[in-house]
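A.B. asks: The structure's right below; bear with me while I get my questions together.
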Amino acid sequence: MPELPEVETVVRSISGHLVGKRIVNARFSSNRVTRGDHAATGTALIGATITDIERRGKQIWICLDRGFLYVHLGMTGKLLWNGKPGKYTRASLDFDDGTLLFDDIRTFGRFEFFGAKENALGRVGPDALTVSAQEFLSRLKERRGRIKAVLLSQSFLAGVGNIYADEALFAARIHPRAMAGRLSEARSRRLHSEMVKILSEAIRHKGSSISDYVDGFGERGSFQQLHKVYGQTGKPCPSCGTEIRRIVVGQRGTHYCPRCQRV
DNA sequence: ATCTATTCCTGGCTGC
DNA sequence: TGCAGCCAGGAATAGA
(Lines give C-alpha, C1' and ligand atoms only; values in the text may rest on other atoms or scores of the structure.)
Protein backbone atom coordinates (compact mmCIF):
# COMPACT_ATOMS: atom_id res chain seq x y z
CA MET A 1 0.00 0.00 0.00
CA PRO A 2 1.74 3.10 -1.21
CA GLU A 3 2.33 5.87 1.31
CA LEU A 4 4.81 8.76 1.15
CA PRO A 5 8.02 6.67 1.01
CA GLU A 6 6.59 4.34 -1.64
CA VAL A 7 5.27 7.20 -3.78
CA GLU A 8 8.60 9.03 -3.45
CA THR A 9 10.42 5.86 -4.55
CA VAL A 10 8.16 5.46 -7.57
CA VAL A 11 8.64 9.11 -8.58
CA ARG A 12 12.42 8.85 -8.24
CA SER A 13 12.52 5.65 -10.28
CA ILE A 14 10.58 6.96 -13.27
CA SER A 15 11.35 10.71 -13.34
CA GLY A 16 14.49 10.35 -15.41
CA HIS A 17 12.59 8.42 -18.06
CA LEU A 18 9.71 10.85 -18.38
CA VAL A 19 10.83 14.45 -17.96
CA GLY A 20 11.29 16.12 -21.34
CA LYS A 21 9.41 13.37 -23.21
CA ARG A 22 6.38 13.83 -25.42
CA ILE A 23 3.30 11.64 -25.07
CA VAL A 24 2.63 10.14 -28.51
CA ASN A 25 -0.35 7.96 -27.57
CA ALA A 26 -2.63 7.30 -24.60
CA ARG A 27 -4.89 4.30 -23.99
CA PHE A 28 -7.40 3.57 -21.24
CA SER A 29 -9.27 0.43 -20.29
CA SER A 30 -11.18 1.92 -17.40
CA ASN A 31 -13.42 4.94 -16.99
CA ARG A 32 -12.99 4.69 -13.26
CA VAL A 33 -9.34 5.74 -13.03
CA THR A 34 -10.01 8.92 -15.01
CA ARG A 35 -13.20 9.64 -13.04
CA GLY A 36 -14.90 10.59 -16.26
CA ASP A 37 -14.50 10.66 -20.00
CA HIS A 38 -11.25 8.91 -20.76
CA ALA A 39 -11.44 9.81 -24.44
CA ALA A 40 -11.18 13.48 -23.45
CA THR A 41 -8.31 12.64 -21.12
CA GLY A 42 -6.50 10.98 -24.00
CA THR A 43 -7.09 13.96 -26.26
CA ALA A 44 -5.68 16.27 -23.61
CA LEU A 45 -2.60 14.12 -23.07
CA ILE A 46 -1.56 13.16 -26.60
CA GLY A 47 1.07 15.55 -27.87
CA ALA A 48 1.82 17.00 -24.44
CA THR A 49 5.39 17.18 -23.16
CA ILE A 50 6.29 16.31 -19.58
CA THR A 51 8.14 19.17 -17.93
CA ASP A 52 8.49 17.92 -14.36
CA ILE A 53 7.21 15.40 -11.83
CA GLU A 54 6.25 16.47 -8.33
CA ARG A 55 5.05 14.63 -5.26
CA ARG A 56 2.97 16.04 -2.46
CA GLY A 57 2.08 13.52 0.19
CA LYS A 58 0.79 10.52 -1.74
CA GLN A 59 -0.16 12.60 -4.78
CA ILE A 60 1.87 12.52 -7.97
CA TRP A 61 1.67 15.52 -10.29
CA ILE A 62 3.07 14.91 -13.74
CA CYS A 63 3.47 18.47 -15.02
CA LEU A 64 2.84 18.99 -18.72
CA ASP A 65 3.35 21.92 -21.04
CA ARG A 66 -0.45 22.18 -21.20
CA GLY A 67 -1.71 21.12 -17.78
CA PHE A 68 -1.23 18.38 -15.22
CA LEU A 69 -1.67 14.64 -15.02
CA TYR A 70 -2.73 13.78 -11.48
CA VAL A 71 -1.84 10.26 -10.38
CA HIS A 72 -2.85 8.68 -7.10
CA LEU A 73 -1.87 5.06 -6.57
CA GLY A 74 -4.66 4.38 -4.10
CA MET A 75 -4.20 0.93 -2.57
CA THR A 76 -2.86 -1.12 -5.42
CA GLY A 77 -1.80 1.32 -8.14
CA LYS A 78 1.52 0.93 -9.93
CA LEU A 79 3.32 3.11 -12.43
CA LEU A 80 5.57 0.89 -14.51
CA TRP A 81 8.11 1.93 -17.09
CA ASN A 82 8.08 -0.58 -19.97
CA GLY A 83 6.12 -3.07 -17.90
CA LYS A 84 4.09 -5.90 -19.36
CA PRO A 85 0.45 -4.90 -19.97
CA GLY A 86 -1.98 -7.19 -18.17
CA LYS A 87 -5.49 -7.70 -16.88
CA TYR A 88 -5.19 -4.76 -14.47
CA THR A 89 -3.60 -2.22 -16.78
CA ARG A 90 -5.99 0.74 -16.59
CA ALA A 91 -4.05 3.29 -18.61
CA SER A 92 -0.88 3.50 -20.67
CA LEU A 93 1.11 6.35 -22.19
CA ASP A 94 3.38 5.75 -25.16
CA PHE A 95 6.59 7.68 -25.71
CA ASP A 96 9.10 7.38 -28.54
CA ASP A 97 11.35 5.25 -26.38
CA GLY A 98 8.96 3.37 -24.11
CA THR A 99 5.62 3.06 -22.35
CA LEU A 100 4.34 4.07 -18.95
CA LEU A 101 1.67 1.73 -17.58
CA PHE A 102 -0.80 2.44 -14.81
CA ASP A 103 -1.81 -0.90 -13.29
CA ASP A 104 -4.37 -0.98 -10.50
CA ILE A 105 -6.11 -4.11 -9.26
CA ARG A 106 -8.67 -2.48 -7.00
CA THR A 107 -9.16 0.73 -8.97
CA PHE A 108 -8.91 2.99 -5.93
CA GLY A 109 -6.24 4.87 -7.84
CA ARG A 110 -6.62 7.87 -10.12
CA PHE A 111 -5.11 8.94 -13.40
CA GLU A 112 -6.68 12.26 -14.32
CA PHE A 113 -5.93 15.30 -16.43
CA PHE A 114 -6.32 18.78 -14.95
CA GLY A 115 -5.90 22.07 -16.78
CA ALA A 116 -4.65 23.67 -13.59
CA LYS A 117 -3.30 22.25 -10.36
CA GLU A 118 -5.72 24.31 -8.29
CA ASN A 119 -8.54 22.12 -9.58
CA ALA A 120 -7.29 19.17 -7.58
CA LEU A 121 -9.82 17.62 -5.29
CA GLY A 122 -9.53 17.92 -1.58
CA ARG A 123 -7.13 20.15 0.24
CA VAL A 124 -3.98 18.50 1.44
CA GLY A 125 -1.88 19.62 4.34
CA PRO A 126 1.89 20.13 4.33
CA ASP A 127 4.09 17.26 3.22
CA ALA A 128 4.96 14.96 6.13
CA LEU A 129 8.61 14.75 5.12
CA THR A 130 9.27 18.49 5.01
CA VAL A 131 6.81 19.97 7.52
CA SER A 132 8.60 21.98 10.21
CA ALA A 133 8.27 21.02 13.86
CA GLN A 134 6.65 24.38 14.54
CA GLU A 135 3.96 23.96 11.92
CA PHE A 136 3.35 20.34 12.95
CA LEU A 137 2.87 21.40 16.56
CA SER A 138 0.54 24.29 15.85
CA ARG A 139 -1.63 22.19 13.52
CA LEU A 140 -1.75 19.33 16.02
CA LYS A 141 -3.03 21.62 18.78
CA GLU A 142 -6.10 22.50 16.73
CA ARG A 143 -7.17 18.90 16.30
CA ARG A 144 -9.49 17.17 18.69
CA GLY A 145 -9.55 13.63 17.32
CA ARG A 146 -7.39 10.66 18.23
CA ILE A 147 -3.78 11.05 17.19
CA LYS A 148 -3.83 8.02 14.88
CA ALA A 149 -6.86 9.31 12.99
CA VAL A 150 -5.34 12.79 12.78
CA LEU A 151 -2.07 11.45 11.34
CA LEU A 152 -4.05 9.58 8.68
CA SER A 153 -5.99 12.69 7.69
CA GLN A 154 -4.40 14.07 4.52
CA SER A 155 -5.87 17.50 5.22
CA PHE A 156 -3.81 17.61 8.41
CA LEU A 157 -0.63 16.21 6.94
CA ALA A 158 0.04 14.73 3.51
CA GLY A 159 1.71 11.38 3.05
CA VAL A 160 1.25 9.32 6.21
CA GLY A 161 -0.83 6.16 5.87
CA ASN A 162 -1.60 3.26 8.14
CA ILE A 163 1.87 1.70 8.21
CA TYR A 164 3.88 4.82 9.02
CA ALA A 165 1.29 6.18 11.44
CA ASP A 166 1.62 3.02 13.54
CA GLU A 167 5.42 2.99 13.29
CA ALA A 168 5.80 6.69 14.15
CA LEU A 169 3.49 6.40 17.17
CA PHE A 170 5.44 3.40 18.44
CA ALA A 171 8.75 5.21 18.05
CA ALA A 172 7.35 8.23 19.91
CA ARG A 173 5.78 5.94 22.57
CA ILE A 174 2.35 7.50 22.09
CA HIS A 175 -0.87 5.49 22.35
CA PRO A 176 -2.82 5.62 19.05
CA ARG A 177 -5.99 6.61 20.93
CA ALA A 178 -4.35 9.60 22.65
CA MET A 179 -6.18 12.84 21.91
CA ALA A 180 -4.12 14.82 19.38
CA GLY A 181 -4.69 18.30 20.78
CA ARG A 182 -3.82 17.26 24.31
CA LEU A 183 -0.34 15.89 23.70
CA SER A 184 2.37 17.79 25.54
CA GLU A 185 4.73 19.90 23.47
CA ALA A 186 7.61 17.53 24.21
CA ARG A 187 5.66 14.47 23.05
CA SER A 188 4.38 16.27 19.95
CA ARG A 189 7.93 17.32 19.12
CA ARG A 190 9.13 13.77 19.54
CA LEU A 191 6.35 12.48 17.30
CA HIS A 192 7.37 14.92 14.59
CA SER A 193 11.04 13.97 14.71
CA GLU A 194 10.36 10.21 14.85
CA MET A 195 7.90 10.49 11.96
CA VAL A 196 10.40 12.33 9.74
CA LYS A 197 13.14 9.88 10.73
CA ILE A 198 11.01 6.84 9.87
CA LEU A 199 9.81 8.26 6.55
CA SER A 200 13.41 9.08 5.58
CA GLU A 201 14.61 5.66 6.63
CA ALA A 202 11.81 4.01 4.64
CA ILE A 203 12.76 6.00 1.52
CA ARG A 204 16.35 4.77 1.93
CA HIS A 205 14.94 1.23 1.92
CA LYS A 206 12.78 2.00 -1.13
CA GLY A 207 9.55 1.69 0.83
CA SER A 208 7.60 -1.18 2.34
CA SER A 209 6.39 -3.99 0.08
CA ILE A 210 3.53 -5.43 2.12
CA SER A 211 1.22 -6.80 -0.54
CA ASP A 212 2.19 -5.98 -4.08
CA TYR A 213 3.87 -2.59 -3.93
CA VAL A 214 6.77 -2.17 -6.39
CA ASP A 215 8.57 0.83 -7.86
CA GLY A 216 8.56 1.94 -11.51
CA PHE A 217 10.73 -0.99 -12.51
CA GLY A 218 8.93 -3.70 -10.57
CA GLU A 219 11.45 -3.65 -7.70
CA ARG A 220 10.22 -4.35 -4.19
CA GLY A 221 11.17 -2.26 -1.17
CA SER A 222 12.64 -3.73 2.00
CA PHE A 223 11.42 -1.52 4.85
CA GLN A 224 8.72 -4.06 5.75
CA GLN A 225 11.51 -6.08 7.35
CA LEU A 226 12.10 -3.22 9.77
CA HIS A 227 8.48 -2.72 10.90
CA LYS A 228 8.30 -2.85 14.66
CA VAL A 229 4.53 -2.95 15.20
CA TYR A 230 2.68 -2.83 11.86
CA GLY A 231 1.51 -6.35 11.04
CA GLN A 232 3.31 -7.71 14.11
CA THR A 233 0.20 -8.66 16.12
CA GLY A 234 1.03 -11.24 18.79
CA LYS A 235 4.78 -10.89 18.34
CA PRO A 236 6.95 -9.51 21.16
CA CYS A 237 7.56 -5.77 21.26
CA PRO A 238 11.19 -5.20 20.17
CA SER A 239 11.56 -2.80 23.08
CA CYS A 240 9.92 -4.56 26.07
CA GLY A 241 8.76 -7.99 24.91
CA THR A 242 5.05 -7.40 25.55
CA GLU A 243 2.80 -8.83 22.85
CA ILE A 244 1.94 -6.34 20.12
CA ARG A 245 -1.81 -5.75 20.10
CA ARG A 246 -4.21 -4.95 17.26
CA ILE A 247 -7.15 -2.61 17.81
CA VAL A 248 -9.29 -0.46 15.53
CA VAL A 249 -8.88 3.32 15.60
CA GLY A 250 -10.68 5.49 13.10
CA GLN A 251 -11.92 2.40 11.25
CA ARG A 252 -8.33 1.30 10.63
CA GLY A 253 -6.41 -1.67 11.92
CA THR A 254 -3.92 -0.30 14.44
CA HIS A 255 -0.88 -2.05 15.89
CA TYR A 256 0.82 -0.95 19.08
CA CYS A 257 2.61 -2.00 22.24
CA PRO A 258 0.24 -1.69 25.22
CA ARG A 259 3.16 -1.25 27.59
CA CYS A 260 5.43 1.17 25.72
CA GLN A 261 2.73 3.39 24.28
CA ARG A 262 0.79 5.53 26.73
CA VAL A 263 -2.18 7.84 26.30
C1' DA B 1 -16.61 23.34 11.04
C1' DT B 2 -15.21 19.05 12.62
C1' DC B 3 -15.59 14.37 13.46
C1' DT B 4 -17.40 9.61 12.34
C1' DA B 5 -19.35 6.02 9.48
C1' DT B 6 -20.05 4.24 4.88
C1' DT B 7 -18.73 3.24 0.30
C1' DC B 8 -15.94 1.88 -3.56
C1' DC B 9 -12.99 -2.74 -5.18
C1' DT B 10 -10.78 -7.50 -5.63
C1' DG B 11 -7.17 -10.92 -4.24
C1' DG B 12 -6.23 -13.70 -0.50
C1' DC B 13 -7.40 -16.08 3.41
C1' DT B 14 -10.44 -18.91 6.61
C1' DG B 15 -13.78 -22.30 7.56
C1' DC B 16 -17.29 -25.47 6.30
C1' DT C 1 -12.35 -28.60 -4.57
C1' DG C 2 -15.46 -25.06 -4.12
C1' DC C 3 -17.50 -21.36 -2.29
C1' DA C 4 -19.40 -18.04 1.03
C1' DG C 5 -17.88 -14.63 4.03
C1' DC C 6 -14.69 -11.63 5.70
C1' DC C 7 -10.52 -8.70 5.59
C1' DA C 8 -7.09 -5.21 3.88
C1' DG C 9 -7.43 0.37 3.41
C1' DG C 10 -7.06 5.81 0.70
C1' DA C 11 -10.11 9.07 0.49
C1' DA C 12 -14.63 10.93 -1.28
C1' DT C 13 -19.00 11.28 0.52
C1' DA C 14 -22.84 11.49 3.56
C1' DG C 15 -24.47 11.95 8.02
C1' DA C 16 -24.18 13.64 13.01
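How things are named: the first chain in the C-alpha coordinates is A, the next is B, and so on; residues count from 1 in each chain; ligands count from 1 in the order shown.
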What parts of region 117-255 of chain A does DSSP call helix (DSSP H, G or I)? I'd like the answer as an MDAnalysis selection string.
C.D. replies: chainID A and resid 117:119 133:141 147:152 162:171 180:182 185:204 223:226
A.B. asks: Identify every residue of chain B that has at least one atom within 10 Å of any atom of chain A, counting only C-alpha atoms (C1' of nucleotides), and report the result as an NGL selection string.
C.D. replies: :B and (2-5 or 8-11)
A.B. asks: Take the residues just selected and output them with all heavy atoms as a short mmCIF file (atom, residue, chain, number, x, y, z; two decimals), in the first residue's frame.
C.D. replies:
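The resulting file, out-v5.cif, is reproduced below:
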data_model
loop_
_atom_site.label_atom_id
_atom_site.label_comp_id
_atom_site.auth_asym_id
_atom_site.auth_seq_id
_atom_site.Cartn_x
_atom_site.Cartn_y
_atom_site.Cartn_z
P DT B 2 -12.39 23.21 11.31
OP1 DT B 2 -11.31 24.10 11.75
OP2 DT B 2 -12.37 22.63 9.95
"O5'" DT B 2 -12.52 22.01 12.33
"C5'" DT B 2 -13.48 22.07 13.39
"C4'" DT B 2 -13.94 20.66 13.71
"O4'" DT B 2 -15.22 20.39 13.06
"C3'" DT B 2 -13.00 19.54 13.27
"O3'" DT B 2 -12.74 18.73 14.39
"C2'" DT B 2 -13.77 18.80 12.19
"C1'" DT B 2 -15.21 19.05 12.62
N1 DT B 2 -16.23 18.95 11.54
C2 DT B 2 -17.40 18.26 11.82
O2 DT B 2 -17.61 17.72 12.89
N3 DT B 2 -18.30 18.21 10.79
C4 DT B 2 -18.16 18.78 9.54
O4 DT B 2 -19.03 18.68 8.71
C5 DT B 2 -16.91 19.49 9.32
C7 DT B 2 -16.66 20.13 8.00
C6 DT B 2 -16.02 19.53 10.31
P DC B 3 -11.67 17.61 14.42
OP1 DC B 3 -10.91 17.75 15.67
OP2 DC B 3 -10.97 17.58 13.12
"O5'" DC B 3 -12.58 16.31 14.54
"C5'" DC B 3 -13.46 16.18 15.66
"C4'" DC B 3 -14.50 15.12 15.35
"O4'" DC B 3 -15.28 15.52 14.21
"C3'" DC B 3 -13.91 13.74 15.01
"O3'" DC B 3 -14.45 12.78 15.90
"C2'" DC B 3 -14.33 13.51 13.56
"C1'" DC B 3 -15.59 14.37 13.46
N1 DC B 3 -15.93 14.78 12.07
C2 DC B 3 -17.20 14.46 11.55
O2 DC B 3 -18.00 13.83 12.25
N3 DC B 3 -17.52 14.84 10.29
C4 DC B 3 -16.63 15.52 9.56
N4 DC B 3 -16.99 15.88 8.33
C5 DC B 3 -15.33 15.86 10.06
C6 DC B 3 -15.03 15.47 11.31
P DT B 4 -13.96 11.28 15.88
OP1 DT B 4 -14.01 10.80 17.28
OP2 DT B 4 -12.73 11.20 15.09
"O5'" DT B 4 -15.12 10.55 15.07
"C5'" DT B 4 -16.44 10.52 15.61
"C4'" DT B 4 -17.35 9.76 14.66
"O4'" DT B 4 -17.48 10.51 13.43
"C3'" DT B 4 -16.84 8.37 14.27
"O3'" DT B 4 -17.91 7.45 14.48
"C2'" DT B 4 -16.46 8.51 12.81
"C1'" DT B 4 -17.40 9.61 12.34
N1 DT B 4 -16.95 10.40 11.17
C2 DT B 4 -17.83 10.57 10.12
O2 DT B 4 -18.95 10.09 10.10
N3 DT B 4 -17.34 11.32 9.08
C4 DT B 4 -16.09 11.92 8.99
O4 DT B 4 -15.78 12.58 8.01
C5 DT B 4 -15.23 11.70 10.13
C7 DT B 4 -13.85 12.29 10.13
C6 DT B 4 -15.70 10.96 11.15
P DA B 5 -17.69 5.90 14.31
OP1 DA B 5 -18.37 5.24 15.44
OP2 DA B 5 -16.26 5.64 14.03
"O5'" DA B 5 -18.52 5.60 12.98
"C5'" DA B 5 -19.90 5.96 12.93
"C4'" DA B 5 -20.45 5.73 11.54
"O4'" DA B 5 -19.86 6.69 10.62
"C3'" DA B 5 -20.18 4.34 10.96
"O3'" DA B 5 -21.40 3.89 10.39
"C2'" DA B 5 -19.08 4.58 9.92
"C1'" DA B 5 -19.35 6.02 9.48
N9 DA B 5 -18.16 6.77 9.06
C8 DA B 5 -16.99 6.93 9.75
N7 DA B 5 -16.12 7.70 9.15
C5 DA B 5 -16.77 8.07 7.98
C6 DA B 5 -16.37 8.89 6.90
N6 DA B 5 -15.19 9.50 6.83
N1 DA B 5 -17.26 9.05 5.89
C2 DA B 5 -18.45 8.43 5.97
N3 DA B 5 -18.93 7.66 6.93
C4 DA B 5 -18.02 7.51 7.92
P DC B 8 -20.98 0.54 -2.68
OP1 DC B 8 -22.09 0.61 -3.63
OP2 DC B 8 -20.81 -0.63 -1.80
"O5'" DC B 8 -19.61 0.70 -3.49
"C5'" DC B 8 -19.43 1.81 -4.36
"C4'" DC B 8 -17.95 1.98 -4.65
"O4'" DC B 8 -17.28 2.25 -3.42
"C3'" DC B 8 -17.29 0.71 -5.18
"O3'" DC B 8 -17.18 0.81 -6.60
"C2'" DC B 8 -15.90 0.73 -4.54
"C1'" DC B 8 -15.94 1.88 -3.56
N1 DC B 8 -15.41 1.54 -2.21
C2 DC B 8 -14.39 2.32 -1.67
O2 DC B 8 -13.95 3.27 -2.32
N3 DC B 8 -13.90 2.01 -0.44
C4 DC B 8 -14.42 0.98 0.24
N4 DC B 8 -13.90 0.74 1.44
C5 DC B 8 -15.46 0.19 -0.29
C6 DC B 8 -15.92 0.50 -1.51
P DC B 9 -17.41 -0.54 -7.43
OP1 DC B 9 -17.41 -0.10 -8.83
OP2 DC B 9 -18.53 -1.31 -6.86
"O5'" DC B 9 -16.08 -1.37 -7.14
"C5'" DC B 9 -14.83 -0.93 -7.68
"C4'" DC B 9 -13.73 -1.80 -7.13
"O4'" DC B 9 -13.64 -1.62 -5.72
"C3'" DC B 9 -13.98 -3.29 -7.30
"O3'" DC B 9 -13.35 -3.70 -8.51
"C2'" DC B 9 -13.33 -3.93 -6.09
"C1'" DC B 9 -12.99 -2.74 -5.18
N1 DC B 9 -13.46 -2.88 -3.78
C2 DC B 9 -12.51 -2.93 -2.76
O2 DC B 9 -11.31 -2.90 -3.05
N3 DC B 9 -12.94 -3.03 -1.48
C4 DC B 9 -14.24 -3.07 -1.21
N4 DC B 9 -14.61 -3.16 0.06
C5 DC B 9 -15.22 -3.02 -2.24
C6 DC B 9 -14.79 -2.92 -3.50
P DT B 10 -13.63 -5.18 -9.08
OP1 DT B 10 -13.35 -5.10 -10.53
OP2 DT B 10 -14.93 -5.66 -8.59
"O5'" DT B 10 -12.50 -6.06 -8.38
"C5'" DT B 10 -11.14 -5.79 -8.64
"C4'" DT B 10 -10.30 -6.66 -7.73
"O4'" DT B 10 -10.58 -6.31 -6.36
"C3'" DT B 10 -10.57 -8.16 -7.86
"O3'" DT B 10 -9.33 -8.82 -7.80
"C2'" DT B 10 -11.41 -8.47 -6.63
"C1'" DT B 10 -10.78 -7.50 -5.63
N1 DT B 10 -11.61 -7.18 -4.45
C2 DT B 10 -10.98 -6.94 -3.25
O2 DT B 10 -9.76 -6.99 -3.11
N3 DT B 10 -11.81 -6.65 -2.21
C4 DT B 10 -13.19 -6.56 -2.24
O4 DT B 10 -13.83 -6.29 -1.24
C5 DT B 10 -13.79 -6.81 -3.53
C7 DT B 10 -15.28 -6.75 -3.69
C6 DT B 10 -12.98 -7.11 -4.56
P DG B 11 -9.16 -10.29 -8.45
OP1 DG B 11 -8.75 -10.09 -9.85
OP2 DG B 11 -10.29 -11.15 -8.13
"O5'" DG B 11 -7.88 -10.80 -7.64
"C5'" DG B 11 -6.76 -9.94 -7.50
"C4'" DG B 11 -6.06 -10.23 -6.19
"O4'" DG B 11 -6.90 -9.82 -5.08
"C3'" DG B 11 -5.74 -11.70 -5.96
"O3'" DG B 11 -4.48 -11.77 -5.32
"C2'" DG B 11 -6.88 -12.18 -5.05
"C1'" DG B 11 -7.17 -10.92 -4.24
N9 DG B 11 -8.57 -10.76 -3.80
C8 DG B 11 -9.70 -10.97 -4.56
N7 DG B 11 -10.80 -10.71 -3.90
C5 DG B 11 -10.37 -10.33 -2.64
C6 DG B 11 -11.12 -9.95 -1.49
O6 DG B 11 -12.34 -9.86 -1.37
N1 DG B 11 -10.29 -9.66 -0.41
C2 DG B 11 -8.92 -9.72 -0.45
N2 DG B 11 -8.28 -9.41 0.68
N3 DG B 11 -8.21 -10.07 -1.51
C4 DG B 11 -9.00 -10.37 -2.57
#
A.B. asks: Separation of CA of Val33 (chain A) and CA of Glu112 (chain A), in Å?
C.D. replies: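 Separating CA of Val33 (chain A) from CA of Glu112 (chain A) is a distance of 7.2 Å.
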A.B. asks: Near chain C, meaning an atom within 10 Å, which residues of chain A appear when counting only C-alpha atoms (C1' of nucleotides)? Write them as a VMD selection string.
C.D. replies: chain A and resid 1 to 3 58 72 to 75 108 to 109 121 to 122 152 to 154 161 to 162 211 251 to 253
A.B. asks: Could you pull out the strand (DSSP E) residues of region 101-246 of chain A, going by DSSP on the backbone, and write them as a list in words?
C.D. replies: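 For region 101-246 of chain A, the strand (DSSP E) set is Leu101, Phe102, Asp103, Asp104, Arg110, Phe111, Glu112, Phe113, Phe114, Arg245 and Arg246 of chain A.
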A.B. asks: Let's have the selection written as a PDB file, in the first residue's frame, with N, CA, C and O atoms.
C.D. replies:
ATOM      1  N   LEU A 101       2.934   2.398 -17.877  1.00  0.00           N
ATOM      2  CA  LEU A 101       1.668   1.725 -17.579  1.00  0.00           C
ATOM      3  C   LEU A 101       1.144   2.170 -16.225  1.00  0.00           C
ATOM      4  O   LEU A 101       1.929   2.404 -15.303  1.00  0.00           O
ATOM      5  N   PHE A 102      -0.166   2.248 -16.117  1.00  0.00           N
ATOM      6  CA  PHE A 102      -0.799   2.438 -14.812  1.00  0.00           C
ATOM      7  C   PHE A 102      -1.633   1.199 -14.543  1.00  0.00           C
ATOM      8  O   PHE A 102      -2.686   1.004 -15.137  1.00  0.00           O
ATOM      9  N   ASP A 103      -1.106   0.320 -13.680  1.00  0.00           N
ATOM     10  CA  ASP A 103      -1.809  -0.900 -13.292  1.00  0.00           C
ATOM     11  C   ASP A 103      -2.473  -0.664 -11.949  1.00  0.00           C
ATOM     12  O   ASP A 103      -1.889  -0.010 -11.077  1.00  0.00           O
ATOM     13  N   ASP A 104      -3.669  -1.181 -11.775  1.00  0.00           N
ATOM     14  CA  ASP A 104      -4.365  -0.984 -10.505  1.00  0.00           C
ATOM     15  C   ASP A 104      -5.447  -2.043 -10.326  1.00  0.00           C
ATOM     16  O   ASP A 104      -6.503  -1.973 -10.939  1.00  0.00           O
ATOM     17  N   ARG A 110      -6.136   6.860  -9.178  1.00  0.00           N
ATOM     18  CA  ARG A 110      -6.621   7.869 -10.123  1.00  0.00           C
ATOM     19  C   ARG A 110      -5.534   8.227 -11.121  1.00  0.00           C
ATOM     20  O   ARG A 110      -4.351   8.199 -10.804  1.00  0.00           O
ATOM     21  N   PHE A 111      -6.000   8.581 -12.294  1.00  0.00           N
ATOM     22  CA  PHE A 111      -5.109   8.940 -13.397  1.00  0.00           C
ATOM     23  C   PHE A 111      -5.885   9.967 -14.202  1.00  0.00           C
ATOM     24  O   PHE A 111      -6.617   9.638 -15.118  1.00  0.00           O
ATOM     25  N   GLU A 112      -5.781  11.231 -13.790  1.00  0.00           N
ATOM     26  CA  GLU A 112      -6.680  12.263 -14.323  1.00  0.00           C
ATOM     27  C   GLU A 112      -5.925  13.463 -14.865  1.00  0.00           C
ATOM     28  O   GLU A 112      -4.908  13.862 -14.306  1.00  0.00           O
ATOM     29  N   PHE A 113      -6.499  14.068 -15.885  1.00  0.00           N
ATOM     30  CA  PHE A 113      -5.928  15.299 -16.430  1.00  0.00           C
ATOM     31  C   PHE A 113      -6.604  16.513 -15.813  1.00  0.00           C
ATOM     32  O   PHE A 113      -7.831  16.544 -15.675  1.00  0.00           O
ATOM     33  N   PHE A 114      -5.792  17.505 -15.432  1.00  0.00           N
ATOM     34  CA  PHE A 114      -6.324  18.779 -14.949  1.00  0.00           C
ATOM     35  C   PHE A 114      -5.665  19.914 -15.728  1.00  0.00           C
ATOM     36  O   PHE A 114      -4.455  19.867 -15.968  1.00  0.00           O
ATOM     37  N   ARG A 245      -0.369  -5.599  20.145  1.00  0.00           N
ATOM     38  CA  ARG A 245      -1.815  -5.754  20.097  1.00  0.00           C
ATOM     39  C   ARG A 245      -2.382  -5.066  18.860  1.00  0.00           C
ATOM     40  O   ARG A 245      -1.806  -4.101  18.368  1.00  0.00           O
ATOM     41  N   ARG A 246      -3.518  -5.586  18.398  1.00  0.00           N
ATOM     42  CA  ARG A 246      -4.207  -4.953  17.264  1.00  0.00           C
ATOM     43  C   ARG A 246      -5.584  -4.475  17.703  1.00  0.00           C
ATOM     44  O   ARG A 246      -6.365  -5.236  18.259  1.00  0.00           O
TER      45      ARG A 246
END
A.B. asks: Neighbouring residues of Ala171 (chain A) were defined as those with any atom within 9 Å, considering only C-alpha atoms (C1' of nucleotides); residues of the same chain fewer than 3 positions away were excluded. Please report them as a ChimeraX atom specification.
C.D. replies: /A:166-168,174,190-191,194-195,198,228,261
